[in-house]
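Peer 1: Contents of protein_7.cif (mmCIF, C-alpha atoms):
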data_run
loop_
_atom_site.group_PDB
_atom_site.id
_atom_site.type_symbol
_atom_site.label_atom_id
_atom_site.label_comp_id
_atom_site.auth_asym_id
_atom_site.auth_seq_id
_atom_site.Cartn_x
_atom_site.Cartn_y
_atom_site.Cartn_z
ATOM 1 C CA MET J 1 17.393 9.815 -19.259
ATOM 2 C CA ASN J 2 16.497 12.471 -16.679
ATOM 3 C CA SER J 3 13.436 10.421 -15.789
ATOM 4 C CA ILE J 4 15.634 7.450 -14.780
ATOM 5 C CA ILE J 5 17.712 7.341 -11.599
ATOM 6 C CA LYS J 6 19.897 4.714 -9.953
ATOM 7 C CA VAL J 7 19.729 4.653 -6.159
ATOM 8 C CA ALA J 8 21.739 2.875 -3.482
ATOM 9 C CA LEU J 9 20.565 2.076 0.048
ATOM 10 C CA ALA J 10 23.499 1.708 2.437
ATOM 11 C CA GLN J 11 22.411 -0.879 4.999
ATOM 12 C CA ILE J 12 25.474 -0.769 7.235
ATOM 13 C CA SER J 13 26.473 -0.687 10.882
ATOM 14 C CA PRO J 14 28.211 2.352 12.345
ATOM 15 C CA VAL J 15 31.501 2.113 14.148
ATOM 16 C CA TRP J 16 29.334 2.713 17.156
ATOM 17 C CA LEU J 17 29.729 6.131 18.803
ATOM 18 C CA ASP J 18 32.993 6.742 16.937
ATOM 19 C CA LYS J 19 32.457 9.725 14.645
ATOM 20 C CA LYS J 20 35.789 9.593 12.830
ATOM 21 C CA ALA J 21 35.759 5.861 12.160
ATOM 22 C CA THR J 22 32.127 5.939 11.036
ATOM 23 C CA LEU J 23 32.873 8.828 8.662
ATOM 24 C CA ASP J 24 35.717 6.801 7.179
ATOM 25 C CA LYS J 25 33.363 3.852 6.695
ATOM 26 C CA ILE J 26 30.741 6.076 5.046
ATOM 27 C CA LEU J 27 33.316 7.315 2.526
ATOM 28 C CA VAL J 28 34.305 3.740 1.671
ATOM 29 C CA VAL J 29 30.655 2.850 1.095
ATOM 30 C CA LEU J 30 30.133 5.938 -1.064
ATOM 31 C CA GLU J 31 33.126 4.965 -3.191
ATOM 32 C CA GLU J 32 31.655 1.498 -3.718
ATOM 33 C CA ALA J 33 28.256 2.951 -4.641
ATOM 34 C CA THR J 34 29.731 5.309 -7.235
ATOM 35 C CA LYS J 35 31.538 2.409 -8.877
ATOM 36 C CA GLU J 36 28.058 0.999 -9.534
ATOM 37 C CA GLN J 37 26.930 4.365 -11.002
ATOM 38 C CA ALA J 38 24.575 5.203 -8.128
ATOM 39 C CA GLU J 39 23.326 8.790 -8.359
ATOM 40 C CA LEU J 40 21.597 8.941 -4.958
ATOM 41 C CA VAL J 41 22.971 7.181 -1.869
ATOM 42 C CA VAL J 42 20.934 7.050 1.339
ATOM 43 C CA PHE J 43 21.877 6.062 4.901
ATOM 44 C CA GLY J 44 19.898 5.160 8.020
ATOM 45 C CA GLU J 45 18.747 7.294 10.933
ATOM 46 C CA GLY J 46 21.499 8.516 13.231
ATOM 47 C CA LEU J 47 24.087 6.301 11.539
ATOM 48 C CA LEU J 48 26.750 8.895 12.280
ATOM 49 C CA PRO J 49 27.752 7.996 14.991
ATOM 50 C CA GLY J 50 24.976 5.528 15.940
ATOM 51 C CA TYR J 51 21.733 4.848 17.757
ATOM 52 C CA PRO J 52 21.519 5.258 21.604
ATOM 53 C CA PHE J 53 21.027 1.586 22.403
ATOM 54 C CA TRP J 54 22.278 2.048 25.972
ATOM 55 C CA LEU J 55 19.001 3.699 26.959
ATOM 56 C CA ALA J 56 17.186 0.373 26.695
ATOM 57 C CA LEU J 57 20.138 -1.730 27.850
ATOM 58 C CA MET J 58 21.217 0.247 30.929
ATOM 59 C CA ASP J 59 18.062 1.628 32.565
ATOM 60 C CA GLY J 60 18.411 4.955 30.795
ATOM 61 C CA ALA J 61 15.463 6.526 32.631
ATOM 62 C CA SER J 62 17.155 6.242 36.029
ATOM 63 C CA TRP J 63 17.567 9.782 37.331
ATOM 64 C CA ASN J 64 21.213 10.924 37.418
ATOM 65 C CA LYS J 65 22.625 7.454 36.816
ATOM 66 C CA LYS J 66 26.377 7.951 36.483
ATOM 67 C CA GLU J 67 26.912 5.439 33.673
ATOM 68 C CA VAL J 68 24.115 6.893 31.556
ATOM 69 C CA LYS J 69 25.459 10.418 31.971
ATOM 70 C CA GLU J 70 28.921 9.289 30.941
ATOM 71 C CA LEU J 71 27.606 7.550 27.827
ATOM 72 C CA HIS J 72 25.606 10.661 26.944
ATOM 73 C CA ARG J 73 28.775 12.736 27.251
ATOM 74 C CA HIS J 74 30.609 10.259 24.990
ATOM 75 C CA TYR J 75 27.719 10.503 22.515
ATOM 76 C CA ALA J 76 27.849 14.310 22.517
ATOM 77 C CA LEU J 77 31.590 14.323 21.913
ATOM 78 C CA ASN J 78 31.075 12.103 18.859
ATOM 79 C CA ALA J 79 28.038 13.965 17.538
ATOM 80 C CA VAL J 80 28.241 15.969 14.321
ATOM 81 C CA VAL J 81 28.845 19.715 14.507
ATOM 82 C CA ILE J 82 28.168 20.819 10.950
ATOM 83 C CA GLU J 83 29.397 24.355 11.618
ATOM 84 C CA LYS J 84 32.847 22.979 12.470
ATOM 85 C CA GLY J 85 33.159 21.101 9.176
ATOM 86 C CA ASP J 86 32.428 17.563 10.360
ATOM 87 C CA LEU J 87 30.713 16.747 7.042
ATOM 88 C CA ASP J 88 33.213 18.494 4.782
ATOM 89 C CA ALA J 89 34.755 15.244 3.540
ATOM 90 C CA VAL J 90 31.357 13.809 2.623
ATOM 91 C CA CYS J 91 30.412 17.036 0.828
ATOM 92 C CA ALA J 92 33.705 17.024 -1.064
ATOM 93 C CA PHE J 93 33.098 13.439 -2.140
ATOM 94 C CA ALA J 94 29.578 14.272 -3.354
ATOM 95 C CA LYS J 95 30.966 17.144 -5.423
ATOM 96 C CA ALA J 96 33.848 15.141 -6.848
ATOM 97 C CA LYS J 97 31.650 12.185 -7.838
ATOM 98 C CA HIS J 98 28.563 14.227 -8.709
ATOM 99 C CA ILE J 99 26.212 12.259 -6.445
ATOM 100 C CA SER J 100 23.500 13.211 -3.964
ATOM 101 C CA ILE J 101 23.297 11.878 -0.406
ATOM 102 C CA TYR J 102 20.782 11.600 2.410
ATOM 103 C CA LEU J 103 22.710 10.969 5.619
ATOM 104 C CA GLY J 104 21.315 10.341 9.093
ATOM 105 C CA ILE J 105 23.370 12.033 11.791
ATOM 106 C CA ILE J 106 23.276 12.892 15.460
ATOM 107 C CA GLU J 107 23.710 16.650 15.332
ATOM 108 C CA ARG J 108 25.012 18.979 18.051
ATOM 109 C CA PRO J 109 24.097 22.317 16.460
ATOM 110 C CA GLU J 110 25.685 25.570 17.473
ATOM 111 C CA ASP J 111 22.501 27.508 16.657
ATOM 112 C CA ARG J 112 20.874 25.811 19.658
ATOM 113 C CA GLY J 113 23.771 26.466 22.002
ATOM 114 C CA GLY J 114 26.002 23.577 20.961
ATOM 115 C CA HIS J 115 25.133 21.050 23.680
ATOM 116 C CA SER J 116 21.792 19.332 22.992
ATOM 117 C CA LEU J 117 21.555 16.531 20.443
ATOM 118 C CA TYR J 118 19.178 16.116 17.508
ATOM 119 C CA ALA J 119 18.492 13.196 15.170
ATOM 120 C CA SER J 120 18.956 14.992 11.869
ATOM 121 C CA MET J 121 18.680 14.024 8.228
ATOM 122 C CA VAL J 122 21.070 15.896 5.949
ATOM 123 C CA TYR J 123 20.640 16.276 2.205
ATOM 124 C CA ILE J 124 23.833 16.952 0.235
ATOM 125 C CA ASP J 125 23.412 17.730 -3.461
ATOM 126 C CA GLN J 126 25.571 16.846 -6.459
ATOM 127 C CA LYS J 127 27.591 20.038 -6.006
ATOM 128 C CA GLY J 128 28.542 18.983 -2.495
ATOM 129 C CA ILE J 129 26.294 21.592 -0.868
ATOM 130 C CA ILE J 130 24.209 20.844 2.221
ATOM 131 C CA GLN J 131 20.740 21.868 1.091
ATOM 132 C CA SER J 132 18.772 20.909 4.192
ATOM 133 C CA VAL J 133 19.234 19.653 7.733
ATOM 134 C CA HIS J 134 15.970 18.209 9.000
ATOM 135 C CA ARG J 135 15.891 17.772 12.775
ATOM 136 C CA LYS J 136 13.519 15.004 13.807
ATOM 137 C CA LEU J 137 10.289 16.579 14.995
ATOM 138 C CA GLN J 138 9.517 14.113 17.762
ATOM 139 C CA PRO J 139 11.971 11.618 19.262
ATOM 140 C CA THR J 140 10.335 8.266 19.994
ATOM 141 C CA TYR J 141 10.013 6.619 23.412
ATOM 142 C CA ASP J 142 13.382 6.484 25.208
ATOM 143 C CA GLU J 143 15.040 8.544 22.450
ATOM 144 C CA ARG J 144 13.599 11.555 24.310
ATOM 145 C CA LEU J 145 16.133 10.919 27.067
ATOM 146 C CA THR J 146 19.004 11.859 24.768
ATOM 147 C CA TRP J 147 17.561 13.572 21.649
ATOM 148 C CA SER J 148 15.822 16.947 21.526
ATOM 149 C CA SER J 149 12.720 17.848 19.513
ATOM 150 C CA GLY J 150 13.401 19.456 16.151
ATOM 151 C CA ASP J 151 11.434 21.878 13.996
ATOM 152 C CA GLY J 152 9.887 22.252 10.552
ATOM 153 C CA ASN J 153 12.834 23.969 8.900
ATOM 154 C CA GLY J 154 13.877 20.814 7.073
ATOM 155 C CA LEU J 155 10.434 19.906 5.758
ATOM 156 C CA VAL J 156 11.506 20.672 2.204
ATOM 157 C CA THR J 157 11.970 18.813 -1.054
ATOM 158 C CA HIS J 158 14.908 18.732 -3.469
ATOM 159 C CA GLN J 159 15.263 18.300 -7.210
ATOM 160 C CA LEU J 160 17.459 15.568 -8.649
ATOM 161 C CA LYS J 161 17.079 15.157 -12.406
ATOM 162 C CA GLU J 162 13.290 15.133 -12.890
ATOM 163 C CA PHE J 163 12.686 13.613 -9.472
ATOM 164 C CA THR J 164 11.454 15.533 -6.433
ATOM 165 C CA LEU J 165 13.032 14.102 -3.282
ATOM 166 C CA SER J 166 11.821 14.212 0.304
ATOM 167 C CA GLY J 167 13.069 12.641 3.508
ATOM 168 C CA LEU J 168 11.847 11.900 7.031
ATOM 169 C CA ASN J 169 13.301 10.239 10.109
ATOM 170 C CA CYS J 170 11.855 6.999 11.474
ATOM 171 C CA TRP J 171 8.404 7.403 13.072
ATOM 172 C CA GLU J 172 7.950 10.811 11.449
ATOM 173 C CA ASN J 173 6.913 8.668 8.515
ATOM 174 C CA TRP J 174 3.854 7.628 10.547
ATOM 175 C CA MET J 175 2.785 11.273 11.059
ATOM 176 C CA PRO J 176 0.024 11.896 8.488
ATOM 177 C CA LEU J 177 0.240 15.687 8.473
ATOM 178 C CA VAL J 178 4.007 15.606 8.014
ATOM 179 C CA ARG J 179 3.624 13.205 5.102
ATOM 180 C CA ALA J 180 1.017 15.538 3.625
ATOM 181 C CA SER J 181 3.481 18.436 3.774
ATOM 182 C CA MET J 182 5.855 16.435 1.582
ATOM 183 C CA TYR J 183 3.149 15.360 -0.866
ATOM 184 C CA ALA J 184 2.134 19.012 -1.227
ATOM 185 C CA GLN J 185 5.667 19.881 -2.350
ATOM 186 C CA GLY J 186 5.508 17.309 -5.122
ATOM 187 C CA THR J 187 7.603 14.480 -3.764
ATOM 188 C CA ASN J 188 7.798 11.471 -6.034
ATOM 189 C CA LEU J 189 10.798 9.790 -4.375
ATOM 190 C CA HIS J 190 10.590 9.662 -0.588
ATOM 191 C CA VAL J 191 13.447 8.554 1.671
ATOM 192 C CA ALA J 192 12.422 7.066 5.010
ATOM 193 C CA CYS J 193 15.450 6.521 7.233
ATOM 194 C CA TRP J 194 15.344 4.138 10.206
ATOM 195 C CA PRO J 195 17.791 2.953 12.886
ATOM 196 C CA GLY J 196 17.149 -0.624 11.738
ATOM 197 C CA SER J 197 14.713 -3.555 11.802
ATOM 198 C CA ASP J 198 12.067 -4.793 9.418
ATOM 199 C CA HIS J 199 9.282 -4.379 11.975
ATOM 200 C CA ASN J 200 9.531 -0.658 11.147
ATOM 201 C CA THR J 201 9.737 -0.935 7.381
ATOM 202 C CA LYS J 202 7.547 -3.863 6.352
ATOM 203 C CA ASP J 203 4.218 -2.006 6.582
ATOM 204 C CA ILE J 204 4.758 1.754 6.326
ATOM 205 C CA THR J 205 7.059 1.597 3.288
ATOM 206 C CA ARG J 206 4.367 0.182 1.026
ATOM 207 C CA PHE J 207 1.674 2.316 2.641
ATOM 208 C CA ILE J 208 3.474 5.621 1.943
ATOM 209 C CA ALA J 209 4.216 4.503 -1.599
ATOM 210 C CA ARG J 210 0.558 3.700 -2.233
ATOM 211 C CA GLU J 211 -0.792 6.761 -0.417
ATOM 212 C CA GLY J 212 1.641 9.168 -2.073
ATOM 213 C CA ARG J 213 1.886 7.283 -5.386
ATOM 214 C CA CYS J 214 5.641 7.732 -5.135
ATOM 215 C CA TYR J 215 8.756 5.647 -4.777
ATOM 216 C CA VAL J 216 9.775 5.014 -1.173
ATOM 217 C CA LEU J 217 13.295 4.099 -0.121
ATOM 218 C CA SER J 218 13.316 2.770 3.435
ATOM 219 C CA VAL J 219 16.934 2.632 4.543
ATOM 220 C CA SER J 220 17.958 1.046 7.825
ATOM 221 C CA SER J 221 21.178 0.409 9.655
ATOM 222 C CA THR J 222 22.298 -2.851 11.172
ATOM 223 C CA MET J 223 23.804 -3.445 14.601
ATOM 224 C CA PHE J 224 24.975 -6.716 16.077
ATOM 225 C CA LYS J 225 26.396 -7.451 19.498
ATOM 226 C CA GLU J 226 29.871 -7.848 18.068
ATOM 227 C CA ASP J 227 29.670 -4.344 16.563
ATOM 228 C CA PHE J 228 30.263 -2.632 19.919
ATOM 229 C CA PRO J 229 33.846 -1.359 19.478
ATOM 230 C CA GLU J 230 36.571 -1.827 22.050
ATOM 231 C CA GLY J 231 36.968 1.232 24.223
ATOM 232 C CA THR J 232 33.241 1.983 24.438
ATOM 233 C CA PRO J 233 32.417 3.328 27.916
ATOM 234 C CA HIS J 234 30.789 0.726 30.194
ATOM 235 C CA MET J 235 31.326 -1.955 27.593
ATOM 236 C CA GLU J 236 30.920 -4.820 30.057
ATOM 237 C CA GLU J 237 27.436 -3.768 31.138
ATOM 238 C CA LEU J 238 26.378 -3.093 27.533
ATOM 239 C CA LEU J 239 27.466 -6.547 26.396
ATOM 240 C CA LYS J 240 25.855 -8.220 29.401
ATOM 241 C CA ASN J 241 22.448 -6.828 28.473
ATOM 242 C CA ALA J 242 22.666 -6.662 24.668
ATOM 243 C CA PRO J 243 20.831 -9.179 22.461
ATOM 244 C CA ALA J 244 22.712 -10.796 19.600
ATOM 245 C CA VAL J 245 20.889 -8.561 17.097
ATOM 246 C CA LEU J 246 20.031 -4.976 17.993
ATOM 247 C CA ALA J 247 19.053 -3.861 14.480
ATOM 248 C CA ASN J 248 18.532 -6.379 11.681
ATOM 249 C CA GLY J 249 18.260 -3.965 8.753
ATOM 250 C CA GLY J 250 15.013 -4.281 6.860
ATOM 251 C CA SER J 251 15.895 -1.798 4.116
ATOM 252 C CA ALA J 252 13.369 -1.904 1.282
ATOM 253 C CA ILE J 253 12.081 -0.143 -1.834
ATOM 254 C CA ALA J 254 8.427 0.183 -2.823
ATOM 255 C CA GLY J 255 7.105 1.448 -6.132
ATOM 256 C CA PRO J 256 4.340 4.021 -6.675
ATOM 257 C CA ASP J 257 1.798 1.192 -6.961
ATOM 258 C CA GLY J 258 2.627 0.155 -3.401
ATOM 259 C CA GLU J 259 4.286 -3.100 -4.443
ATOM 260 C CA TRP J 260 7.784 -4.195 -3.511
ATOM 261 C CA ILE J 261 10.678 -3.470 -5.818
ATOM 262 C CA VAL J 262 13.000 -4.756 -3.107
ATOM 263 C CA ALA J 263 11.370 -6.470 -0.124
ATOM 264 C CA PRO J 264 12.946 -5.864 3.322
ATOM 265 C CA GLN J 265 16.501 -7.162 3.418
ATOM 266 C CA ILE J 266 17.421 -8.651 6.772
ATOM 267 C CA GLY J 267 20.496 -9.654 8.700
ATOM 268 C CA LYS J 268 23.534 -8.356 6.854
ATOM 269 C CA GLU J 269 25.405 -5.254 5.775
ATOM 270 C CA GLU J 270 25.010 -4.541 2.082
ATOM 271 C CA LEU J 271 24.430 -1.933 -0.577
ATOM 272 C CA ILE J 272 21.008 -2.320 -2.181
ATOM 273 C CA TYR J 273 20.566 -0.930 -5.698
ATOM 274 C CA ALA J 274 17.600 -0.142 -7.904
ATOM 275 C CA THR J 275 16.933 1.827 -11.068
ATOM 276 C CA LEU J 276 13.733 3.874 -10.884
ATOM 277 C CA ASP J 277 11.609 5.333 -13.682
ATOM 278 C CA LEU J 278 9.602 8.508 -13.027
ATOM 279 C CA ASN J 279 7.058 7.495 -15.663
ATOM 280 C CA LYS J 280 5.693 4.901 -13.227
ATOM 281 C CA VAL J 281 4.745 7.731 -10.853
ATOM 282 C CA LEU J 282 2.817 9.542 -13.579
ATOM 283 C CA GLU J 283 0.936 6.358 -14.418
ATOM 284 C CA GLU J 284 -0.169 5.828 -10.810
ATOM 285 C CA ARG J 285 -1.219 9.460 -10.337
ATOM 286 C CA GLN J 286 -3.922 8.875 -12.938
ATOM 287 C CA ASN J 287 -6.229 7.360 -10.338
ATOM 288 C CA PHE J 288 -4.997 9.021 -7.126
ATOM 289 C CA ASP J 289 -3.086 12.182 -6.251
ATOM 290 C CA PRO J 290 -3.385 13.095 -2.530
ATOM 291 C CA VAL J 291 -2.748 16.813 -3.035
ATOM 292 C CA GLY J 292 -3.993 17.177 -6.604
ATOM 293 C CA HIS J 293 -7.203 15.889 -8.167
ATOM 294 C CA TYR J 294 -8.046 13.742 -5.135
ATOM 295 C CA SER J 295 -8.011 16.566 -2.580
ATOM 296 C CA ARG J 296 -10.406 19.231 -1.337
ATOM 297 C CA PRO J 297 -8.397 22.274 -0.184
ATOM 298 C CA ASP J 298 -11.630 24.229 0.152
ATOM 299 C CA VAL J 299 -12.553 21.856 2.991
ATOM 300 C CA THR J 300 -9.230 20.859 4.623
ATOM 301 C CA GLN J 301 -5.852 22.602 4.578
ATOM 302 C CA LEU J 302 -2.554 22.140 6.410
ATOM 303 C CA GLN J 303 -0.377 24.926 7.820
ATOM 304 C CA VAL J 304 3.375 24.255 8.159
ATOM 305 C CA ASN J 305 5.849 26.394 10.121
ATOM 306 C CA ARG J 306 9.294 26.038 8.523
ATOM 307 C CA GLU J 307 11.049 28.635 10.666
ATOM 308 C CA ARG J 308 14.227 27.387 12.330
ATOM 309 C CA GLN J 309 13.470 27.545 16.048
ATOM 310 C CA ASN J 310 15.818 29.285 18.476
ATOM 311 C CA THR J 311 15.466 30.126 22.156
ATOM 312 C CA VAL J 312 16.933 33.615 21.725
ATOM 313 C CA LYS J 313 16.649 36.118 18.897
ATOM 314 C CA PHE J 314 19.242 38.857 18.869
ATOM 315 C CA ILE J 315 18.074 42.152 17.406
ATOM 316 C CA ASN J 316 20.537 44.410 15.538
ATOM 317 C CA ASP J 317 23.382 41.980 16.205
#
Before we go any further, please render this structure as structure tokens.
Peer 2:
Amino acid sequence: MNSIIKVALAQISPVWLDKKATLDKILVVLEEATKEQAELVVFGEGLLPGYPFWLALMDGASWNKKEVKELHRHYALNAVVIEKGDLDAVCAFAKAKHISIYLGIIERPEDRGGHSLYASMVYIDQKGIIQSVHRKLQPTYDERLTWSSGDGNGLVTHQLKEFTLSGLNCWENWMPLVRASMYAQGTNLHVACWPGSDHNTKDITRFIAREGRCYVLSVSSTMFKEDFPEGTPHMEELLKNAPAVLANGGSAIAGPDGEWIVAPQIGKEELIYATLDLNKVLEERQNFDPVGHYSRPDVTQLQVNRERQNTVKFIND
């Protein structure tokens, strides 16, 4: 049965910009998923503690706007500092229940000084060990006003049973060379995490599945106007400008033939389950393998730098 895996996509809303409450909600969702025998549970981009919607709602590009600075500070205070144990409870749960997790976080890493924020995708294995922290290579549009650019350190794959897992954040999934780096490492189950909305997932999910001849789990969050929690800074202005639906979900699963297993699910919080068979990947690789028999490395090759980037290197420290 090592070629069969049950997955769960957690299409949920955060307790927006509240790290502790969102962590509590994540643990509840994980408990529910394990009751259904899920072996891999995946969450959307930046779910912990949420997406920076204020940038679009409150003129985030205005230079030195007081309200935007204060929301950024609030965001930073609720960001995840892995070095301080913010994910310890999730890791302990993974170990106790023997499950693997991809979790989208907003990270405030100490190895980059402990102040700037990164949209990171964390993989926790069945022993409760964080095996990779992939910092989003290129924030998109107004995300650049609050998120920093990451590096290639997290462009790695992981083994779960006979499956080879990979994961990318949001529009990284549109970057052809980044996708190629994952194909080259043998991915056959790719996790694409998104902040929410089917306009992101309805095309690229099936495309990656067909290009890579792999399973693709596109997992998105939801966010509705009523999800802004009481006590959020500048709540009145946020609500005045917010649409009824900020993120409608759109989580989906495509098979290695590029066809839907689960079409994009819209408009509600839910856990989405599927049981996947690795044999389907091997069948589809018969006619196309982007880094195997249908490649020409003597003509084109890709170079990937996986060094964790730092501004300062201390010698003989």
Peer 1: Carefully work through the PyMOL selection byres ((chain J and resi 5) around 6) for this structure and note down the residues it includes, as a PyMOL selection string.
Peer 2: chain J and resi 4+6+275-276
Peer 1: Hey, can you check how far atom CA of J:Ser220 sits from atom CA of J:Ser197?
Peer 2: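 These two atoms are separated by 6.9 Å.
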Peer 1: So the first atom is atom CA of J:Asp198 and the second is atom CA of J:Arg285; what is the distance between them in Å, to one decimal place?
Peer 2: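 Going from atom CA of J:Asp198 over to atom CA of J:Arg285 covers 27.7 Å.
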Peer 1: Dump as a Markdown table the rows for residues of stretch 86-194 of chain J within 10 Å of stretch 228-251 of chain J: closest atom pair and distance in Å with one decimal, only C-alpha atoms counted, ordered by chain and rising residue number.
Peer 2:
| residue | atom | partner | partner_atom | distance |
| --- | --- | --- | --- | --- |
| J:Ala192 | CA | J:Ser251 | CA | 9.6 |
| J:Cys193 | CA | J:Ser251 | CA | 8.9 |
| J:Trp194 | CA | J:Ser251 | CA | 8.5 |
Peer 1: Any chance you could work out the axis-aligned box around stretch 210-228 of chain J, listed atoms only, 3 Å on each side, giving centre and edge lengths in Å to one decimal, as JSON?
Peer 2:
{"center_x": 14.7, "center_y": 0.7, "center_z": 7.3, "size_x": 37.1, "size_y": 23.0, "size_z": 31.3}
Peer 1: Counting all atoms listed in the file, figure out which residue out of J:Asp257, J:Glu45, J:Asp142, J:Glu67 gets nearest to J:Ser120.
Peer 2: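 Comparing J:Asp257, J:Glu45, J:Asp142, J:Glu67 against J:Ser120, the winner is J:Glu45.
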Peer 1: Is it possible to get the residues within 12 Å of (27.9, 10.9, 26.2) (coordinates as in the file, counting all atoms listed in the file) written as number ranges by chain?
Peer 2: J: 17-18, 49-50, 52, 54-55, 66-79, 106, 108, 115-117, 145-147, 232-234
Peer 1: Would you output that residue set with C-alpha atoms, as a PDB file, keeping the file's coordinate frame?
Peer 2:
ATOM      1  CA  LEU J  17      29.729   6.131  18.803  1.00  0.00           C
ATOM      2  CA  ASP J  18      32.993   6.742  16.937  1.00  0.00           C
ATOM      3  CA  PRO J  49      27.752   7.996  14.991  1.00  0.00           C
ATOM      4  CA  GLY J  50      24.976   5.528  15.940  1.00  0.00           C
ATOM      5  CA  PRO J  52      21.519   5.258  21.604  1.00  0.00           C
ATOM      6  CA  TRP J  54      22.278   2.048  25.972  1.00  0.00           C
ATOM      7  CA  LEU J  55      19.001   3.699  26.959  1.00  0.00           C
ATOM      8  CA  LYS J  66      26.377   7.951  36.483  1.00  0.00           C
ATOM      9  CA  GLU J  67      26.912   5.439  33.673  1.00  0.00           C
ATOM     10  CA  VAL J  68      24.115   6.893  31.556  1.00  0.00           C
ATOM     11  CA  LYS J  69      25.459  10.418  31.971  1.00  0.00           C
ATOM     12  CA  GLU J  70      28.921   9.289  30.941  1.00  0.00           C
ATOM     13  CA  LEU J  71      27.606   7.550  27.827  1.00  0.00           C
ATOM     14  CA  HIS J  72      25.606  10.661  26.944  1.00  0.00           C
ATOM     15  CA  ARG J  73      28.775  12.736  27.251  1.00  0.00           C
ATOM     16  CA  HIS J  74      30.609  10.259  24.990  1.00  0.00           C
ATOM     17  CA  TYR J  75      27.719  10.503  22.515  1.00  0.00           C
ATOM     18  CA  ALA J  76      27.849  14.310  22.517  1.00  0.00           C
ATOM     19  CA  LEU J  77      31.590  14.323  21.913  1.00  0.00           C
ATOM     20  CA  ASN J  78      31.075  12.103  18.859  1.00  0.00           C
ATOM     21  CA  ALA J  79      28.038  13.965  17.538  1.00  0.00           C
ATOM     22  CA  ILE J 106      23.276  12.892  15.460  1.00  0.00           C
ATOM     23  CA  ARG J 108      25.012  18.979  18.051  1.00  0.00           C
ATOM     24  CA  HIS J 115      25.133  21.050  23.680  1.00  0.00           C
ATOM     25  CA  SER J 116      21.792  19.332  22.992  1.00  0.00           C
ATOM     26  CA  LEU J 117      21.555  16.531  20.443  1.00  0.00           C
ATOM     27  CA  LEU J 145      16.133  10.919  27.067  1.00  0.00           C
ATOM     28  CA  THR J 146      19.004  11.859  24.768  1.00  0.00           C
ATOM     29  CA  TRP J 147      17.561  13.572  21.649  1.00  0.00           C
ATOM     30  CA  THR J 232      33.241   1.983  24.438  1.00  0.00           C
ATOM     31  CA  PRO J 233      32.417   3.328  27.916  1.00  0.00           C
ATOM     32  CA  HIS J 234      30.789   0.726  30.194  1.00  0.00           C
TER      33      HIS J 234
END
Peer 1: Between J:Leu160, J:Ala96, J:Leu137, J:Met121, single out the one closest to J:Leu30, counting only C-alpha atoms.
Peer 2: J:Ala96
Peer 1: Check what the PyMOL selection byres ((chain J and resi 284) around 9) selects in the file above and give those residues as a PyMOL selection string.
Peer 2: chain J and resi 210+213-214+256-257+279-283+285-289
Peer 1: Identify which of the residues J:Ile124, J:Ile208, J:Ala184, J:Leu47 lies closest to J:Ile12, counting all atoms listed in the file when measuring atom-to-atom distances.
Peer 2: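 Among J:Ile124, J:Ile208, J:Ala184, J:Leu47, it is J:Leu47 that comes nearest to J:Ile12.
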Peer 1: At a cut-off of 12 Å, using all atoms listed in the file, what residues contact J:Pro109? Leave out same-chain residues fewer than 5 positions from it and give the result as a list in words.
Peer 2: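 After dropping sequence-adjacent residues, the list is Ala76, Ala79, Val80, Val81, Ile82, Glu83, Lys84, Gly85, Asp86, Gly114, His115, Ser116, Leu117, Tyr118, Ala119, Ser120, Val133, His134, Arg135, Ser148, Gly150, Arg308, Gln309 and Asn310 of chain J.
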Peer 1: What is the distance between atom CA of J:Lys97 and atom CA of J:Pro264, in Å to one decimal?
Peer 2: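 The value is 28.3 Å.
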Peer 1: Using the chain letters and numbering of this document, enumerate as a ChimeraX atom specification the residues selected by the PyMOL selection byres ((chain J and resi 268) around 9).
Peer 2: /J:11-12,222,248-249,265-267,269-270
Peer 1: Can you list, as a list in words, every protein, DNA or RNA residue that comes within 12 Å of J:Gln159 when you count all atoms listed in the file, leaving out same-chain residues fewer than 2 positions away?
Peer 2: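 Everything that qualifies: Asn2, Ser3, Leu40, Ser100, Tyr123, Ile124, Asp125, Gln126, Gln131, Val156, Thr157, Lys161, Glu162, Phe163, Thr164, Leu165, Ser166, Gln185, Gly186, Thr187, Asn188, Leu189 and His190 of chain J.
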Peer 1: May I have the residues at most 8 Å from (8.1, 15.1, 4.5) in the file's coordinates, counting only C-alpha atoms, as a VMD selection string?
Peer 2: chain J and resid 155 to 157 166 to 168 173 178 to 183 190
Peer 1: Could you check the closest approach to J:Met223 for each of J:Asp24, J:Thr34, J:Gly196, J:Ile130 and tell me which residue wins, using all atoms listed in the file?
Peer 2: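 Smallest distance to J:Met223 is found for J:Gly196.
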Peer 1: So, with only C-alpha atoms as the atoms that count, which of J:Pro176, J:Gly113, J:Pro195, J:Gly292 lies closest to J:Ala10?
Peer 2: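 The shortest atom-to-atom distance to J:Ala10 comes from J:Pro195.
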Peer 1: Which residue is closest to J:Ala92? Choose from J:Ala38, J:Val122, J:Asp298, J:Leu27 and count all atoms listed in the file.
Peer 2: J:Leu27
